[in-house]
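Asker: For reference, this is coords-v1.txt, and it has compact mmCIF, C-alpha atoms.
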# COMPACT_ATOMS: atom_id res chain seq x y z
CA MET A 1 0.00 0.00 0.00
CA THR A 2 1.09 3.58 -0.57
CA ASP A 3 1.28 6.10 2.27
CA ASP A 4 -1.82 7.93 0.92
CA ILE A 5 -3.87 4.75 1.07
CA LYS A 6 -2.73 4.08 4.61
CA VAL A 7 -3.80 7.54 5.76
CA ASN A 8 -7.16 7.33 4.01
CA ASN A 9 -7.86 3.91 5.51
CA ILE A 10 -6.94 5.09 9.00
CA GLU A 11 -9.15 8.17 8.80
CA GLU A 12 -12.01 6.18 7.30
CA LEU A 13 -11.59 3.49 9.93
CA LYS A 14 -11.61 6.00 12.80
CA SER A 15 -14.82 7.50 11.46
CA LEU A 16 -16.49 4.09 11.16
CA ILE A 17 -15.42 3.12 14.67
CA GLN A 18 -16.97 6.28 16.10
CA LYS A 19 -20.22 5.40 14.32
CA LYS A 20 -19.98 1.75 15.50
CA ASN A 21 -20.61 0.69 11.89
CA ASN A 22 -19.31 -2.87 12.30
CA ALA A 23 -20.24 -4.10 8.84
CA ALA A 24 -18.44 -1.20 7.20
CA ILE A 25 -15.39 -1.67 9.43
CA ILE A 26 -15.11 -5.30 8.37
CA GLY A 27 -15.60 -4.30 4.73
CA CYS A 28 -12.82 -1.73 5.08
CA ILE A 29 -10.15 -3.99 6.57
CA THR A 30 -11.00 -7.53 5.40
CA PRO A 31 -9.51 -7.06 1.89
CA LEU A 32 -6.18 -6.02 3.44
CA HIS A 33 -3.24 -8.29 4.14
CA PRO A 34 -2.85 -9.16 7.86
CA SER A 35 0.38 -7.14 8.06
CA ASP A 36 -1.45 -4.09 6.67
CA ILE A 37 -4.27 -4.58 9.16
CA ALA A 38 -1.67 -4.75 11.93
CA LYS A 39 -0.16 -1.43 10.79
CA LEU A 40 -3.60 0.17 10.80
CA LEU A 41 -4.27 -1.07 14.32
CA THR A 42 -1.03 0.37 15.65
CA ASN A 43 -2.07 3.82 14.35
CA LEU A 44 -5.34 3.74 16.29
CA GLU A 45 -5.97 4.65 19.91
CA GLU A 46 -5.87 1.68 22.29
CA GLU A 47 -9.65 1.46 22.68
CA GLU A 48 -10.12 1.70 18.90
CA THR A 49 -7.53 -1.03 18.34
CA ILE A 50 -9.23 -3.40 20.77
CA TYR A 51 -12.68 -2.67 19.34
CA THR A 52 -11.56 -3.27 15.74
CA PHE A 53 -9.69 -6.45 16.63
CA SER A 54 -12.79 -7.84 18.37
CA LEU A 55 -14.67 -7.72 15.06
CA LEU A 56 -12.20 -9.93 13.18
CA ASP A 57 -12.97 -13.58 12.51
CA PRO A 58 -10.65 -16.07 14.31
CA GLN A 59 -8.63 -16.88 11.20
CA THR A 60 -7.89 -13.24 10.36
CA ALA A 61 -7.38 -12.37 14.03
CA SER A 62 -4.78 -15.14 14.40
CA ALA A 63 -2.78 -13.78 11.45
CA VAL A 64 -3.03 -10.18 12.65
CA LEU A 65 -2.02 -11.11 16.20
CA LEU A 66 1.25 -12.49 14.84
CA GLU A 67 1.96 -9.30 12.87
CA VAL A 68 1.49 -6.69 15.60
CA ASP A 69 4.28 -5.70 17.97
CA GLU A 70 4.69 -7.41 21.33
CA HIS A 71 3.18 -4.50 23.30
CA THR A 72 0.02 -4.41 21.16
CA ARG A 73 -0.25 -8.21 21.22
CA GLU A 74 -0.29 -8.22 25.01
CA LYS A 75 -3.06 -5.60 25.05
CA LEU A 76 -5.17 -7.52 22.51
CA ILE A 77 -4.81 -10.85 24.29
CA ALA A 78 -5.77 -9.22 27.59
CA SER A 79 -8.88 -7.73 25.97
CA ILE A 80 -10.45 -10.98 24.78
CA SER A 81 -11.96 -13.92 26.62
CA LYS A 82 -10.23 -17.27 27.04
CA THR A 83 -12.75 -18.80 24.64
CA GLU A 84 -11.98 -16.23 21.94
CA LEU A 85 -8.24 -16.66 22.50
CA THR A 86 -8.60 -20.43 22.17
CA GLU A 87 -10.42 -20.03 18.84
CA ILE A 88 -7.68 -17.70 17.57
CA VAL A 89 -4.81 -19.94 18.69
CA ASP A 90 -6.55 -22.94 17.13
CA GLU A 91 -6.14 -21.24 13.73
CA MET A 92 -2.36 -20.86 14.10
CA ALA A 93 0.45 -23.12 12.98
CA THR A 94 1.94 -25.08 15.86
CA ASP A 95 5.10 -22.94 16.10
CA ASP A 96 3.10 -19.70 16.25
CA ALA A 97 0.65 -21.19 18.73
CA ALA A 98 3.54 -22.28 20.94
CA ASP A 99 5.01 -18.75 20.86
CA VAL A 100 1.72 -17.17 21.92
CA ILE A 101 0.94 -19.76 24.61
CA ALA A 102 4.45 -19.45 26.05
CA GLU A 103 3.74 -15.80 26.86
CA LEU A 104 0.49 -16.54 28.71
CA PRO A 105 0.08 -17.01 32.48
CA LYS A 106 0.23 -20.68 33.47
CA GLU A 107 -3.50 -21.13 34.13
CA GLU A 108 -4.55 -19.32 30.98
CA ALA A 109 -2.07 -21.34 28.91
CA LYS A 110 -3.50 -24.55 30.36
CA THR A 111 -7.05 -23.45 29.46
CA VAL A 112 -6.07 -22.66 25.86
CA LEU A 113 -4.21 -25.96 25.45
CA GLU A 114 -7.26 -27.84 26.69
CA GLY A 115 -9.52 -25.89 24.34
CA ILE A 116 -7.72 -26.47 21.06
CA GLY A 117 -7.79 -29.81 19.23
CA TRP A 118 -6.11 -32.58 21.20
CA GLU A 119 -3.74 -33.43 18.36
CA GLU A 120 -2.58 -29.83 17.93
CA SER A 121 -2.40 -29.43 21.72
CA ALA A 122 -0.06 -32.41 21.95
CA GLU A 123 2.18 -31.00 19.21
CA VAL A 124 2.27 -27.54 20.82
CA GLN A 125 3.19 -29.03 24.19
CA LYS A 126 6.09 -30.84 22.54
CA LEU A 127 7.32 -27.55 21.08
CA LEU A 128 7.01 -25.78 24.42
CA LYS A 129 9.65 -28.14 25.84
CA TYR A 130 12.33 -26.69 23.56
CA PRO A 131 14.13 -23.43 24.38
CA GLU A 132 12.62 -20.66 22.27
CA ASP A 133 15.97 -19.74 20.69
CA THR A 134 16.67 -23.22 19.27
CA ALA A 135 15.62 -25.04 16.10
CA GLY A 136 13.06 -26.97 18.15
CA GLY A 137 11.65 -23.73 19.50
CA ILE A 138 11.02 -22.19 16.07
CA MET A 139 10.01 -25.29 14.09
CA GLN A 140 6.48 -26.30 13.19
CA THR A 141 5.22 -29.86 13.18
CA GLU A 142 2.95 -29.41 10.15
CA LEU A 143 4.67 -31.04 7.17
CA VAL A 144 4.22 -33.57 4.39
CA MET A 145 5.91 -36.86 5.25
CA VAL A 146 5.82 -40.13 3.31
CA ASN A 147 7.42 -43.52 3.66
CA GLU A 148 10.35 -44.28 1.35
CA ASP A 149 8.36 -47.08 -0.29
CA ALA A 150 5.55 -44.75 -1.38
CA THR A 151 5.13 -44.09 -5.12
CA ILE A 152 5.25 -40.68 -6.76
CA GLN A 153 1.47 -40.81 -7.28
CA GLU A 154 0.84 -41.64 -3.61
CA THR A 155 3.13 -38.83 -2.56
CA ILE A 156 1.35 -36.31 -4.78
CA GLU A 157 -1.97 -37.39 -3.31
CA GLN A 158 -0.54 -36.83 0.16
CA VAL A 159 0.53 -33.32 -0.84
CA ARG A 160 -2.96 -32.57 -2.17
CA THR A 161 -4.56 -33.81 1.03
CA LYS A 162 -2.22 -31.87 3.30
CA SER A 163 -2.29 -28.66 1.23
CA GLU A 164 -5.64 -27.68 2.72
CA GLU A 165 -4.17 -27.43 6.23
CA ILE A 166 -0.47 -26.77 5.55
CA PRO A 167 0.60 -23.56 3.76
CA ASN A 168 3.89 -23.16 1.91
CA ILE A 169 4.66 -26.76 1.02
CA HIS A 170 8.08 -26.71 -0.64
CA ASN A 171 9.42 -30.19 0.08
CA VAL A 172 8.19 -33.65 0.92
CA PHE A 173 10.15 -35.39 3.68
CA VAL A 174 10.86 -39.07 3.15
CA VAL A 175 11.22 -41.34 6.19
CA ASP A 176 11.75 -45.02 6.94
CA ASP A 177 9.53 -47.23 9.09
CA SER A 178 11.09 -45.74 12.25
CA ILE A 179 10.29 -42.15 11.13
CA ARG A 180 13.99 -41.50 10.55
CA LEU A 181 14.64 -38.92 7.84
CA VAL A 182 16.18 -40.56 4.79
CA GLY A 183 15.61 -37.95 2.11
CA ILE A 184 13.84 -34.87 0.74
CA VAL A 185 11.98 -34.34 -2.53
CA PRO A 186 11.39 -30.76 -3.78
CA LEU A 187 7.83 -30.22 -4.94
CA GLU A 188 8.84 -29.23 -8.48
CA LYS A 189 10.85 -32.45 -8.90
CA LEU A 190 7.91 -34.48 -7.64
CA ILE A 191 5.53 -32.97 -10.19
CA PHE A 192 7.66 -33.92 -13.19
CA ALA A 193 8.46 -37.47 -12.05
CA ARG A 194 6.75 -40.58 -13.43
CA PRO A 195 3.80 -41.55 -11.19
CA HIS A 196 4.67 -45.26 -10.84
CA LEU A 197 8.25 -44.71 -9.56
CA PRO A 198 9.01 -45.08 -5.83
CA VAL A 199 9.72 -41.69 -4.23
CA LYS A 200 13.09 -42.90 -2.96
CA ASP A 201 14.33 -43.03 -6.56
CA ILE A 202 14.13 -39.26 -6.97
CA MET A 203 14.80 -38.05 -3.41
CA ASN A 204 17.92 -36.28 -2.21
CA ASN A 205 19.32 -38.89 0.18
CA LYS A 206 21.78 -36.46 1.77
CA PRO A 207 19.49 -33.65 2.88
CA VAL A 208 20.65 -30.65 4.86
CA LYS A 209 19.07 -30.89 8.30
CA VAL A 210 19.40 -29.42 11.79
CA LEU A 211 19.21 -30.93 15.25
CA ALA A 212 16.44 -29.72 17.53
CA ASP A 213 18.90 -28.14 19.98
CA THR A 214 20.74 -26.11 17.31
CA ASP A 215 20.83 -22.40 18.17
CA GLN A 216 18.46 -20.34 16.01
CA GLU A 217 21.30 -18.07 14.89
CA GLU A 218 23.15 -21.11 13.55
CA VAL A 219 19.95 -22.22 11.81
CA ALA A 220 19.78 -18.84 10.05
CA LYS A 221 23.38 -19.26 8.86
CA ILE A 222 22.55 -22.70 7.43
CA PHE A 223 19.56 -21.26 5.55
CA GLN A 224 21.79 -18.54 4.13
CA LYS A 225 24.61 -20.93 3.23
CA TYR A 226 22.41 -23.37 1.30
CA ASP A 227 19.78 -20.86 0.03
CA ALA A 228 17.16 -23.04 1.67
CA VAL A 229 13.45 -22.22 1.92
CA THR A 230 12.72 -24.99 4.40
CA LEU A 231 14.80 -27.35 6.55
CA PRO A 232 13.89 -30.53 8.44
CA VAL A 233 14.51 -30.73 12.19
CA VAL A 234 15.60 -34.09 13.62
CA ASP A 235 16.60 -35.50 16.98
CA LYS A 236 19.91 -37.20 17.76
CA ASP A 237 18.52 -40.48 16.35
CA GLU A 238 17.68 -38.78 13.01
CA LYS A 239 13.93 -39.02 13.69
CA LEU A 240 11.96 -36.29 11.91
CA LEU A 241 10.43 -33.81 14.36
CA GLY A 242 9.32 -30.88 12.24
CA ARG A 243 10.36 -28.27 9.71
CA ILE A 244 11.57 -24.67 9.74
CA THR A 245 10.44 -22.35 6.96
CA ILE A 246 12.13 -19.25 5.58
CA ASP A 247 9.55 -16.90 7.14
CA ASP A 248 10.50 -18.21 10.59
CA VAL A 249 14.17 -17.61 9.80
CA MET A 250 13.50 -14.04 8.65
CA ASP A 251 11.97 -13.38 12.06
CA VAL A 252 15.07 -14.89 13.69
CA ILE A 253 17.42 -12.72 11.63
CA GLU A 254 15.48 -9.58 12.55
CA GLU A 255 15.45 -10.62 16.20
CA GLU A 256 19.21 -11.32 16.23
CA ILE A 257 20.02 -8.02 14.50
CA PHE A 258 18.06 -5.99 17.02
CA GLU A 259 19.38 -8.09 19.91
CA ASP A 260 22.96 -7.25 18.89
CA PHE A 261 21.99 -3.62 18.33
CA TYR A 262 20.50 -3.43 21.84
CA LYS A 263 23.48 -5.10 23.45
CA MET A 264 25.95 -2.82 21.70
CA ALA A 265 23.97 0.09 23.15
CA SER A 266 23.97 -1.54 26.62
CA LEU A 267 20.19 -2.04 26.59
CA ASN A 268 18.05 -4.89 27.86
CA THR A 269 16.71 -6.81 24.86
CA ASP A 270 13.23 -6.97 26.44
CA GLU A 271 12.76 -3.20 26.41
CA ARG A 272 10.33 -1.75 23.87
CA VAL A 273 9.61 1.80 22.77
CA LEU A 274 6.07 1.78 24.24
CA ASP A 275 7.14 0.51 27.66
CA SER A 276 6.23 2.55 30.73
CA PRO A 277 8.87 4.98 32.09
CA SER A 278 9.31 2.87 35.23
CA ARG A 279 10.00 -0.32 33.25
CA SER A 280 12.50 1.42 30.97
CA PHE A 281 14.20 2.95 34.02
CA LYS A 282 14.60 -0.46 35.69
CA MET A 283 16.09 -1.97 32.54
CA ARG A 284 18.52 0.85 31.76
CA PHE A 285 19.76 1.76 35.23
CA PRO A 286 21.95 -1.35 35.87
CA TRP A 287 23.81 -0.86 32.58
CA LEU A 288 24.32 2.83 33.22
CA LEU A 289 25.63 1.98 36.68
CA ILE A 290 28.21 -0.34 35.12
CA ASN A 291 29.18 2.38 32.65
CA LEU A 292 29.51 4.83 35.54
CA ALA A 293 31.93 2.46 37.26
CA THR A 294 34.08 2.20 34.13
CA ALA A 295 33.94 6.00 33.74
CA PHE A 296 35.38 6.36 37.22
CA LEU A 297 38.14 3.95 36.22
CA ALA A 298 39.07 6.30 33.37
CA ALA A 299 38.78 9.28 35.72
CA SER A 300 41.20 7.62 38.14
CA VAL A 301 43.84 7.68 35.40
CA VAL A 302 43.33 11.44 35.02
CA LYS A 303 43.63 11.78 38.81
CA VAL A 304 47.03 10.08 38.74
CA PHE A 305 48.31 12.74 36.34
CA GLU A 306 46.66 15.63 38.17
CA ASN A 307 49.96 17.46 38.73
CA THR A 308 50.89 17.09 35.05
CA ILE A 309 47.64 18.76 33.99
CA GLN A 310 48.17 21.58 36.49
CA MET A 311 51.60 22.25 35.01
CA VAL A 312 50.30 22.37 31.41
CA VAL A 313 46.59 23.29 31.54
CA THR A 314 46.29 23.08 27.74
CA LEU A 315 46.52 19.30 28.03
CA ALA A 316 42.98 19.22 29.44
CA VAL A 317 41.67 20.62 26.15
CA PHE A 318 43.06 17.78 24.03
CA MET A 319 42.44 14.78 26.33
CA PRO A 320 38.86 14.21 25.09
CA VAL A 321 40.10 14.33 21.49
CA VAL A 322 42.42 11.35 21.97
CA ALA A 323 39.89 9.33 24.02
CA GLY A 324 37.01 10.15 21.66
CA MET A 325 38.93 9.15 18.54
CA GLY A 326 39.90 5.88 20.23
CA GLY A 327 36.25 5.18 21.02
CA ASN A 328 35.17 5.87 17.43
CA ALA A 329 37.93 3.66 15.99
CA ALA A 330 37.05 0.88 18.43
CA THR A 331 33.39 1.04 17.40
CA GLN A 332 34.41 0.59 13.77
CA THR A 333 36.55 -2.44 14.63
CA ILE A 334 33.87 -4.00 16.85
CA THR A 335 31.20 -3.59 14.18
CA VAL A 336 33.31 -5.39 11.57
CA VAL A 337 34.44 -8.15 13.96
CA VAL A 338 31.01 -8.79 15.50
CA ARG A 339 29.42 -8.91 12.03
CA GLY A 340 32.08 -11.39 10.90
CA LEU A 341 31.41 -13.59 13.92
CA ALA A 342 27.63 -13.35 13.49
CA LEU A 343 27.74 -14.36 9.81
CA GLY A 344 30.31 -17.10 10.37
CA GLU A 345 32.90 -15.28 8.22
CA LEU A 346 35.33 -15.01 11.14
CA GLU A 347 36.41 -18.17 12.92
CA LEU A 348 38.78 -18.28 15.87
CA LYS A 349 41.49 -19.85 13.71
CA TYR A 350 41.71 -16.53 11.82
CA ALA A 351 42.02 -14.49 15.03
CA LYS A 352 45.74 -13.74 14.65
CA LYS A 353 45.36 -12.58 11.05
CA VAL A 354 42.44 -10.29 11.89
CA LEU A 355 44.20 -8.93 14.98
CA ILE A 356 47.33 -7.99 13.01
CA LYS A 357 45.19 -6.38 10.31
CA GLU A 358 43.18 -4.28 12.79
CA VAL A 359 46.30 -3.17 14.68
CA MET A 360 47.88 -2.11 11.36
CA VAL A 361 44.72 -0.22 10.41
CA GLY A 362 44.72 1.43 13.85
CA PHE A 363 48.36 2.44 13.44
CA ALA A 364 47.80 3.88 9.95
CA ASN A 365 44.71 5.80 11.06
CA GLY A 366 46.59 6.99 14.14
CA VAL A 367 49.41 8.38 12.03
CA LEU A 368 47.14 10.24 9.59
CA ASN A 369 44.71 11.53 12.21
CA GLY A 370 47.61 12.38 14.50
CA VAL A 371 49.21 14.53 11.79
CA VAL A 372 45.94 16.37 11.17
CA ALA A 373 45.38 16.85 14.93
CA ALA A 374 48.93 18.19 15.41
CA ILE A 375 48.52 20.66 12.55
CA VAL A 376 45.16 21.90 13.87
CA ALA A 377 46.63 22.26 17.38
CA TYR A 378 49.54 24.28 15.97
CA LEU A 379 47.12 26.53 14.05
CA PHE A 380 45.33 27.15 17.35
CA GLY A 381 48.60 28.62 18.61
CA VAL A 382 49.53 25.66 20.80
CA ASN A 383 53.17 24.70 21.46
CA TYR A 384 54.36 22.42 18.65
CA MET A 385 55.54 19.90 21.28
CA ILE A 386 51.94 19.46 22.40
CA GLY A 387 51.14 18.77 18.76
CA LEU A 388 53.83 16.07 18.74
CA LEU A 389 52.41 14.71 21.98
CA LEU A 390 48.95 14.61 20.43
CA PHE A 391 50.35 12.82 17.36
CA LEU A 392 52.03 10.07 19.43
CA ALA A 393 49.06 9.60 21.77
CA MET A 394 46.68 9.35 18.82
CA ILE A 395 48.76 6.53 17.32
CA ALA A 396 48.93 4.70 20.66
CA ASN A 397 45.20 4.91 21.35
CA LEU A 398 44.08 3.91 17.87
CA VAL A 399 46.35 0.88 18.08
CA ILE A 400 44.73 0.10 21.46
CA ALA A 401 41.32 0.52 19.79
CA GLY A 402 42.18 -1.95 17.02
CA PHE A 403 43.62 -4.45 19.49
CA SER A 404 40.83 -4.31 22.10
CA GLY A 405 38.07 -4.05 19.48
CA THR A 406 39.28 -7.36 18.02
CA VAL A 407 40.42 -9.29 21.07
CA ILE A 408 37.49 -8.64 23.40
CA PRO A 409 34.74 -9.88 21.01
CA LEU A 410 36.89 -12.95 20.21
CA ILE A 411 37.37 -13.70 23.93
CA LEU A 412 33.63 -13.39 24.53
CA LYS A 413 33.00 -15.72 21.58
CA TRP A 414 35.54 -18.18 22.99
CA TYR A 415 33.62 -18.26 26.28
CA LYS A 416 30.32 -18.61 24.37
CA ALA A 417 29.09 -15.14 25.38
CA ASP A 418 27.54 -12.69 22.93
CA PRO A 419 30.36 -10.63 21.32
CA ALA A 420 27.99 -7.65 20.99
CA LEU A 421 28.30 -7.15 24.75
CA SER A 422 31.82 -5.83 24.20
CA ALA A 423 30.79 -2.55 22.64
CA THR A 424 30.28 0.03 25.34
CA VAL A 425 31.40 -1.52 28.58
CA PHE A 426 34.73 -3.23 27.91
CA VAL A 427 36.20 -1.69 24.77
CA THR A 428 35.21 1.90 25.54
CA THR A 429 36.88 1.52 28.92
CA CYS A 430 40.05 0.32 27.19
CA THR A 431 40.14 3.30 24.81
CA ASP A 432 39.29 5.83 27.54
CA VAL A 433 41.91 4.49 29.91
CA GLY A 434 44.39 3.95 27.06
CA GLY A 435 43.78 7.42 25.64
CA PHE A 436 44.19 9.25 28.93
CA PHE A 437 47.15 7.15 30.01
CA SER A 438 49.06 7.46 26.73
CA PHE A 439 48.42 11.21 26.39
CA LEU A 440 49.08 12.17 30.00
CA GLY A 441 51.84 9.59 30.46
CA LEU A 442 53.73 10.96 27.46
CA ALA A 443 53.09 14.50 28.73
CA ALA A 444 54.68 13.58 32.06
CA VAL A 445 57.74 12.26 30.21
CA PHE A 446 57.93 15.41 28.07
CA ILE A 447 57.75 17.61 31.19
CA LYS A 448 60.39 15.53 32.98
CA TYR A 449 62.87 16.10 30.17
CA GLY A 450 61.95 19.73 29.72
CA LEU A 451 60.19 19.36 26.40
CA LEU A 452 57.04 21.14 27.66
Spell out the structure here as structure tokens.
Answerer:
Amino acid sequence: MTDDIKVNNIEELKSLIQKKNNAAIIGCITPLHPSDIAKLLTNLEEEETIYTFSLLDPQTASAVLLEVDEHTREKLIASISKTELTEIVDEMATDDAADVIAELPKEEAKTVLEGIGWEESAEVQKLLKYPEDTAGGIMQTELVMVNEDATIQETIEQVRTKSEEIPNIHNVFVVDDSIRLVGIVPLEKLIFARPHLPVKDIMNNKPVKVLADTDQEEVAKIFQKYDAVTLPVVDKDEKLLGRITIDDVMDVIEEEIFEDFYKMASLNTDERVLDSPSRSFKMRFPWLLINLATAFLAASVVKVFENTIQMVVTLAVFMPVVAGMGGNAATQTITVVVRGLALGELELKYAKKVLIKEVMVGFANGVLNGVVAAIVAYLFGVNYMIGLLLFLAMIANLVIAGFSGTVIPLILKWYKADPALSATVFVTTCTDVGGFFSFLGLAAVFIKYGLL
């Protein structure tokens, strides 16, 4: 939809809601895609959103509920009865149903599970046992599965039967009598095969698959590596458990990107823009307290060189320049290194090569930026020796930035922690402390030998 259409629909919808014209409201939003309906709802007042959502049929409501943001979803779920929620969840795929039920209070979750079909309830309960950030946690149990002895014609009939309840069928999964995965047949290959042939004759008997406990970020990398649209999920005995589709992986990629973004900004990944001030305060304060502690660590370095600063007051003007440039250079290094780790481009065996490269880049940038800084300082009428001091300190701190910006994410990766955590707390501390220490330490040496 274009922006003009969005605005017109919102204004029209608001007018219809005020008039309580339910039939017209349904006529206005039913032709829209669920994601477009979700965008409309988020542009309404809370009461209007709840009222409009209550008019949707269970099938549409289930799709819209999955498209809205987490804050709006919580409000909508709280506004409907357990019976209505059960009807909506019953329309969802098992992976989506598991996600919604996992967020419900225990008693309400139990009620919904008892209300949906027993077969789907059993499948959802199986999914709820897996951690949400694993292959098992994002897979769905709806799939087309046939025995290896089935013919092409029998397999096609199975696809036709299942197509009514399973969207996005891309592959047929072939199993043996023990439900162990033995192969995969793409739908297009199945269509062109001779009907009387056994399906095992045309299947790929070395399919790419993932274990149920595989981390979702690793699953996303596998999808990217093999350009897959769907992947089977198996247990340690190779038994077929479910499938993961590309739409689930796109959600994972978006989640991982924003998770890294939040961590690099020292934010709790659960915080959302529409949270209450008190909730945001509780989530941000601990991180700011940690940053305050590291700031005092940098300040303690300045305190050590207090007498040096008193002797040459001009030094205080240029200290933030060295520290700030180190922080900027470190952010550049961290961004490249963390991205490389996230995409699987950087493995620990390449650590030495990357470290040398980043230190060399830091040195080169330090030299060039140091020359510019020294010239600018001289043009400001500052003693040329302070310009030399600034030049040397700039080189030292940008080398520190390259070193710490590479080593700290790699160490965190080695200890199986998220490398994105390194951004503000650890590396910035290194460049602040390194910047102040190199600049003021060199100044103390210059003063000792009468150069300042």
Asker: Give me, please, the distance in Å between atom CA of Thr42 of chain A and atom CA of Gly115 of chain A, quoted to one decimal.
Answerer: 28.9 Å
Asker: Would you compute the distance between atom CA of Leu65 of chain A and atom CA of Leu41 of chain A? Give it in Å to one decimal.
Answerer: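 Rounded to one decimal, the two atoms are 10.5 Å apart.
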Asker: Counting all atoms listed in the file, which of A:Thr431, A:Thr314, A:Thr406, A:Thr94 gets nearest to Gly387 of chain A?
Answerer: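 Closest residue, counting all atoms listed in the file: A:Thr314.
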Asker: Kindly provide, as a ChimeraX atom specification, the polymer residues lying within 8 Å of (7.7, -19.2, 9.9), counting all atoms listed in the file and using the coordinates exactly as they appear in the file.
Answerer: /A:95-96,138-140,244-251
Asker: Enter the distance from atom CA of Ala298 of chain A to atom CA of Thr429 of chain A, in Å, rounded to one decimal.
Answerer: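 Interatomic distance here is 6.9 Å.
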Asker: Residues within 8 Å of segment 147-160 of chain A, please, as a list of chain:residue names. Count only C-alpha atoms; anything in the same chain fewer than 3 positions from it doesn't count.
Answerer: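 Listed by chain and then number, they are A:Val144, A:Ser163, A:Glu164, A:Ile169, A:Val172, A:Val174, A:Val175, A:Asp176, A:Asp177, A:Val182, A:Leu190, A:Ile191, A:Ala193, A:Arg194, A:Pro195, A:His196, A:Leu197, A:Pro198, A:Val199, A:Lys200.
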Asker: Of the candidates A:Glu74, A:Gln125, A:Tyr51, A:Phe439, which one gets nearest to Thr308 of chain A if we count all atoms listed in the file?
Answerer: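 When distances to Thr308 of chain A are compared using all atoms listed in the file, the smallest one comes from A:Phe439.
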Asker: Find the spatial neighbours of Glu67 of chain A, counting all atoms listed in the file, within a cut-off of 6 Å - ignore same-chain residues fewer than 2 positions away - and output them as a VMD selection string.
Answerer: chain A and resid 35 38 64 to 65
Asker: Rank nothing, just name the residue among A:Asp418, A:Glu107, A:Glu84, A:Glu358 nearest to Phe403 of chain A, using only C-alpha atoms.
Answerer: A:Glu358
Asker: Using all atoms listed in the file, which of A:Leu451, A:Ala373, A:Ile395, A:Leu341 sits nearest Pro409 of chain A?
Answerer: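 Closest residue, counting all atoms listed in the file: A:Leu341.
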Asker: Could you list as a PyMOL selection string every residue that has an atom within 12 Å of (30.6, -8.9, 11.2), using the file's coordinates and counting all atoms listed in the file?
Answerer: chain A and resi 257+260+332-347+354+406+409-410+419-420
Asker: Select, from A:Leu16, A:Val302, A:Leu368, A:Ile101, the residue with the minimum atom-to-atom distance to Glu132 of chain A, counting only C-alpha atoms.
Answerer: A:Ile101
Asker: Point out the residue among A:Lys209, A:Arg279, A:Lys221, A:Lys303 with the least atom-to-atom distance to Gly183 of chain A, counting all atoms listed in the file.
Answerer: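 Under the stated criterion, the closest residue is A:Lys209.
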